[in-house]
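Have a look at the structure below, then the notes.
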Amino acid sequence: MAGLLRKLSHVSSTDIKKATSTLVRSKTYDSNLTKLEKRLPRQSTVPSFGHTTDFDYKRDTKHLCKIMKHCITAHTLDLDYILHFLSSYTCEQRIILVHDLEFEYEYKLVDMVLERPESPMRSCTLAMLIEPIELYARDFHDLLTLKLMDKINYDISRKLVEILLALNNEDAQKMKETYETLFENPIEKDIELVEGSDSITSQLLINLLLGKRYEEPGHSVTVAKMIAKKLYEAGEGTPGIDYDTFIKIFTHDAFSQLAAIFDIYEDKYGGPIQEAIEREFQGQNHIECFQDIVEYTRSPGVYYSKALRQALEKVPIDYPTVIRTIIGHEEKDLGEICLEYSKIYDETLDETIKTHVDIMEIKRLLILIITHGYDITDEDYDQVRFDHSNNSSPTDSGAIPTTSAAATSLGMRRNRSQEAFDKFVNVFKTMRPH
């Protein structure tokens with residue numbers, strides 16, 4: 001195997017050489033028709049919301065092409081302006097634009113962004129160009145690489161579990177396919193390489209990726225009583241811990257069934273299962289991973305709200321978690337997360353972001369997504385004040401105007417079109433492979 005993330009700019013060449021014998025090189029999806037056709041069915045799962053239908057991908061791709069030409073002329077990729085441009089489109093519309101840009105004008109925007117030095121702006125822009133599953137796969141891979149290179153001073157187990165809990169069975173299969181396509185190695189092998197082939201963490205992660213969870217709604221009280229007893233016997237009821245039993249139940253039973261199991265466990269055995277895990281499990285990382293699954297089972301919205309709060313209060317801000325949670329959950333359960341966040345912290349998520357996020361264009365984008373279109377630049381600024389610390393802005397002589405008025409004049413309204421997916425399919429019906 002080659003290296004696990006050779007495009008990480010903060011990894012030195014010496015570190016990369018050390019890893020080349022064990023890990024694989026990152027690459028983007030090839031832009032041939034066969035692979036794109038394989039991905040088309042995934043788009044049918046992206047929801048549309050029936051707003052105005054003035055999305056014209058031909059017109060907007062043409063304008064995006066002009067931006068790319070300007071960037072090439074200026075010898076730099078203006079991430080600020082690209083992110084500003086993309087901020088007014090939905091996930092499905094952005095995917096259409098990115099692929100049409102490649103087919104019609106041969107600009108591989110994802111590859112171009114990946115070539116930029118690592119920065120929050122690079123991460124945020126990349127997240128806007130790819131599907132959520134690919135975002136999860138890339139973040140998962142980044143964490144494994146950083147751990148392997150000894151570049152982080154905390155245990156990554158909880159972050160890895162956090163990524164996988166968002167996946168249903170179908171998503172888990174797509175995650176494995178996407179990871180192997182991008183990094184040319186099965187995700188299970190990389191997990192075992194970094195976490196150890198026989199470790200509890202590896203077994204938990206691999207079982208979460210099996211995609212074998214029972215997904216039918218509802219639960220059985222009788223079955224819940226039986227399984228609660230199994231958990232007691234695997235933990236508090238006998239010396240030692242039967243981790244295999246815990247892993248199988250936590251990764252295979254439906255979340256609705258797990259909730260009933262945890263309720264019965266507390267009623268019958270005198271305390272919450274989180275406390276039993278705290279007392280009986282060995283290793284803080286194991287304790288926290290299983291407790292996180294319990295909290296997610298109780299309320300995914302509460303679970304991700306707390307993850308966001310921790311990421312926003314961290315110094316420096318944990319931008320990958322913030323970006324992954326907000327952009328990755330944009331068209332899934334972000335509304336529920338925002339609602340629970342306001343209940344827990346007595347302020348809205350956009351209010352927290354406004355006071356904590358220190359990069360103006362990322363702040364603007366995240367608030368646009370959370371509020372479904374509120375642009376803070378309309379209220380506080382005549383012109384977007386970009387943070388250029390990421391060294392992604394063009395030279396002054398070649399800068400593109402980036403006011404909200406300019407964005408509006410380009411027709412970049414935040415709308416969600418039912419026609420978008422149909423147009424996405426039609427793009428590939430008429431494209432020639434190259």
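Residue numbering restarts at 1 in every chain; chains get A, B, ... in the order shown in the structure tokens, and ligands count up from 1 in that same order.
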Could you list, with a cut-off of 12 Å and counting only C-alpha atoms, the residues of stretch 61-145 of chain A near stretch 157-176 of chain A, each shown with its nearest atom pair and the distance in Å rounded to one decimal, rows sorted by chain and ascending number, as a tab-separated table?
residue	atom	partner	partner_atom	distance
A:Glu131	CA	A:Met175	CA	10.9
A:Pro132	CA	A:Met175	CA	9.7
A:Ile133	CA	A:Met175	CA	5.9
A:Glu134	CA	A:Met175	CA	7.3
A:Leu135	CA	A:Met175	CA	9.6
A:Tyr136	CA	A:Ile163	CA	6.3
A:Ala137	CA	A:Met175	CA	6.2
A:Arg138	CA	A:Met175	CA	9.9
A:Asp139	CA	A:Ile163	CA	8.3
A:Phe140	CA	A:Leu160	CA	6.3
A:His141	CA	A:Leu160	CA	9.5
A:Asp142	CA	A:Leu160	CA	10.4
A:Leu143	CA	A:Leu160	CA	7.7
A:Leu144	CA	A:Leu160	CA	8.7
Take the selection from the previous step and output its residues with N, CA, C and O atoms, as a PDB file, in the first residue's frame.
ATOM      1  N   GLU A 131     -20.379  15.102  -2.436  1.00  0.00           N
ATOM      2  CA  GLU A 131     -21.536  14.550  -1.735  1.00  0.00           C
ATOM      3  C   GLU A 131     -21.191  14.309  -0.261  1.00  0.00           C
ATOM      4  O   GLU A 131     -20.021  14.093   0.086  1.00  0.00           O
ATOM      5  N   PRO A 132     -22.201  14.316   0.619  1.00  0.00           N
ATOM      6  CA  PRO A 132     -21.929  14.090   2.038  1.00  0.00           C
ATOM      7  C   PRO A 132     -21.166  12.810   2.331  1.00  0.00           C
ATOM      8  O   PRO A 132     -20.256  12.809   3.178  1.00  0.00           O
ATOM      9  N   ILE A 133     -21.472  11.723   1.632  1.00  0.00           N
ATOM     10  CA  ILE A 133     -20.774  10.461   1.889  1.00  0.00           C
ATOM     11  C   ILE A 133     -19.284  10.603   1.595  1.00  0.00           C
ATOM     12  O   ILE A 133     -18.429  10.098   2.335  1.00  0.00           O
ATOM     13  N   GLU A 134     -18.959  11.302   0.520  1.00  0.00           N
ATOM     14  CA  GLU A 134     -17.540  11.511   0.199  1.00  0.00           C
ATOM     15  C   GLU A 134     -16.876  12.398   1.254  1.00  0.00           C
ATOM     16  O   GLU A 134     -15.717  12.189   1.618  1.00  0.00           O
ATOM     17  N   LEU A 135     -17.618  13.372   1.754  1.00  0.00           N
ATOM     18  CA  LEU A 135     -17.091  14.224   2.823  1.00  0.00           C
ATOM     19  C   LEU A 135     -16.772  13.387   4.057  1.00  0.00           C
ATOM     20  O   LEU A 135     -15.703  13.529   4.675  1.00  0.00           O
ATOM     21  N   TYR A 136     -17.695  12.497   4.434  1.00  0.00           N
ATOM     22  CA  TYR A 136     -17.459  11.623   5.590  1.00  0.00           C
ATOM     23  C   TYR A 136     -16.230  10.739   5.349  1.00  0.00           C
ATOM     24  O   TYR A 136     -15.401  10.536   6.258  1.00  0.00           O
ATOM     25  N   ALA A 137     -16.127  10.167   4.148  1.00  0.00           N
ATOM     26  CA  ALA A 137     -15.007   9.270   3.841  1.00  0.00           C
ATOM     27  C   ALA A 137     -13.675  10.014   3.924  1.00  0.00           C
ATOM     28  O   ALA A 137     -12.688   9.487   4.464  1.00  0.00           O
ATOM     29  N   ARG A 138     -13.637  11.220   3.400  1.00  0.00           N
ATOM     30  CA  ARG A 138     -12.389  11.999   3.421  1.00  0.00           C
ATOM     31  C   ARG A 138     -12.022  12.384   4.863  1.00  0.00           C
ATOM     32  O   ARG A 138     -10.849  12.313   5.252  1.00  0.00           O
ATOM     33  N   ASP A 139     -12.990  12.808   5.651  1.00  0.00           N
ATOM     34  CA  ASP A 139     -12.704  13.162   7.043  1.00  0.00           C
ATOM     35  C   ASP A 139     -12.239  11.935   7.834  1.00  0.00           C
ATOM     36  O   ASP A 139     -11.330  12.023   8.672  1.00  0.00           O
ATOM     37  N   PHE A 140     -12.877  10.812   7.592  1.00  0.00           N
ATOM     38  CA  PHE A 140     -12.493   9.566   8.260  1.00  0.00           C
ATOM     39  C   PHE A 140     -11.036   9.238   7.926  1.00  0.00           C
ATOM     40  O   PHE A 140     -10.224   8.908   8.806  1.00  0.00           O
ATOM     41  N   HIS A 141     -10.695   9.349   6.660  1.00  0.00           N
ATOM     42  CA  HIS A 141      -9.341   9.062   6.185  1.00  0.00           C
ATOM     43  C   HIS A 141      -8.330  10.046   6.774  1.00  0.00           C
ATOM     44  O   HIS A 141      -7.216   9.661   7.173  1.00  0.00           O
ATOM     45  N   ASP A 142      -8.704  11.315   6.837  1.00  0.00           N
ATOM     46  CA  ASP A 142      -7.816  12.330   7.422  1.00  0.00           C
ATOM     47  C   ASP A 142      -7.487  11.997   8.876  1.00  0.00           C
ATOM     48  O   ASP A 142      -6.337  12.108   9.313  1.00  0.00           O
ATOM     49  N   LEU A 143      -8.506  11.595   9.631  1.00  0.00           N
ATOM     50  CA  LEU A 143      -8.286  11.266  11.037  1.00  0.00           C
ATOM     51  C   LEU A 143      -7.356  10.071  11.195  1.00  0.00           C
ATOM     52  O   LEU A 143      -6.455  10.069  12.040  1.00  0.00           O
ATOM     53  N   LEU A 144      -7.572   9.039  10.377  1.00  0.00           N
ATOM     54  CA  LEU A 144      -6.693   7.872  10.439  1.00  0.00           C
ATOM     55  C   LEU A 144      -5.253   8.257  10.105  1.00  0.00           C
ATOM     56  O   LEU A 144      -4.301   7.793  10.755  1.00  0.00           O
TER      57      LEU A 144
END
When you look at stretch 314-320 of chain A with a cut-off of 8 Å (counting only C-alpha atoms), what residues show up, excluding the ones that are within fewer than 2 positions of it in the same chain? I need them as an mmCIF file with C-alpha atoms, in the first residue's frame.
data_model
loop_
_atom_site.group_PDB
_atom_site.id
_atom_site.type_symbol
_atom_site.label_atom_id
_atom_site.label_comp_id
_atom_site.auth_asym_id
_atom_site.auth_seq_id
_atom_site.Cartn_x
_atom_site.Cartn_y
_atom_site.Cartn_z
ATOM 1 C CA PRO A 120 -10.320 25.748 6.976
ATOM 2 C CA SER A 123 -11.882 22.129 3.826
ATOM 3 C CA ASP A 139 -12.704 13.162 7.043
ATOM 4 C CA GLN A 310 -17.464 21.314 21.755
ATOM 5 C CA ALA A 311 -15.988 21.917 18.297
ATOM 6 C CA LEU A 312 -16.906 25.626 18.335
ATOM 7 C CA VAL A 322 -18.214 22.010 12.361
ATOM 8 C CA ILE A 323 -18.061 21.791 8.561
ATOM 9 C CA ARG A 324 -18.883 18.084 8.434
ATOM 10 C CA VAL A 357 -16.205 31.549 13.858
#
If we count only C-alpha atoms and set the cut-off at 12 Å, which residues sit around A:Ile293, ignoring sequence neighbours fewer than 5 positions away in its own chain? Please answer as an MDAnalysis selection string. chainID A and resid 158:166 204:205 208 246:247 249:251 253 255 258:259 262 273:274 277 286:288 298:300 302:304
Selection: 7 Å around stretch 96-100 of chain A, only C-alpha atoms, excl. self and same-chain fewer than 2 positions, as a PyMOL selection string: chain A and resi 57+61+92-94+102-104+109+129+424+427
Could the residues in this selection be written to a file with C-alpha atoms, as a CSV table (one decimal), in the first residue's frame?
chain,number,residue,atom,x,y,z
A,57,TYR,CA,-27.1,24.9,-14.7
A,61,THR,CA,-21.7,26.6,-15.0
A,92,GLU,CA,-27.8,18.7,-5.5
A,93,GLN,CA,-27.3,21.9,-7.5
A,94,ARG,CA,-23.6,22.2,-6.5
A,102,GLU,CA,-15.7,19.2,-15.8
A,103,PHE,CA,-17.6,17.8,-18.8
A,104,GLU,CA,-18.2,21.0,-20.7
A,109,LEU,CA,-12.5,21.8,-9.5
A,129,LEU,CA,-18.1,20.4,-4.0
A,424,PHE,CA,-28.4,16.3,-13.5
A,427,VAL,CA,-26.3,16.4,-18.3
The residue from A:Ser256, A:Leu334, A:Ser197, A:Glu361 with the smallest atom-to-atom distance to A:Asp375, counting only C-alpha atoms, is A:Glu361
Excluding A:His63 and any residue of its chain fewer than 4 positions from it, enumerate the residues within 10 Å of it, using only C-alpha atoms, and give them as a PyMOL selection string. chain A and resi 57-59+67-69+85+101+410
Near A:Tyr265, counting only C-alpha atoms, which residues have an atom at most 9 Å away, once you skip same-chain residues fewer than 2 positions from it, shown as a PyMOL selection string? chain A and resi 224-225+227-229+231-232+260-263+267-273
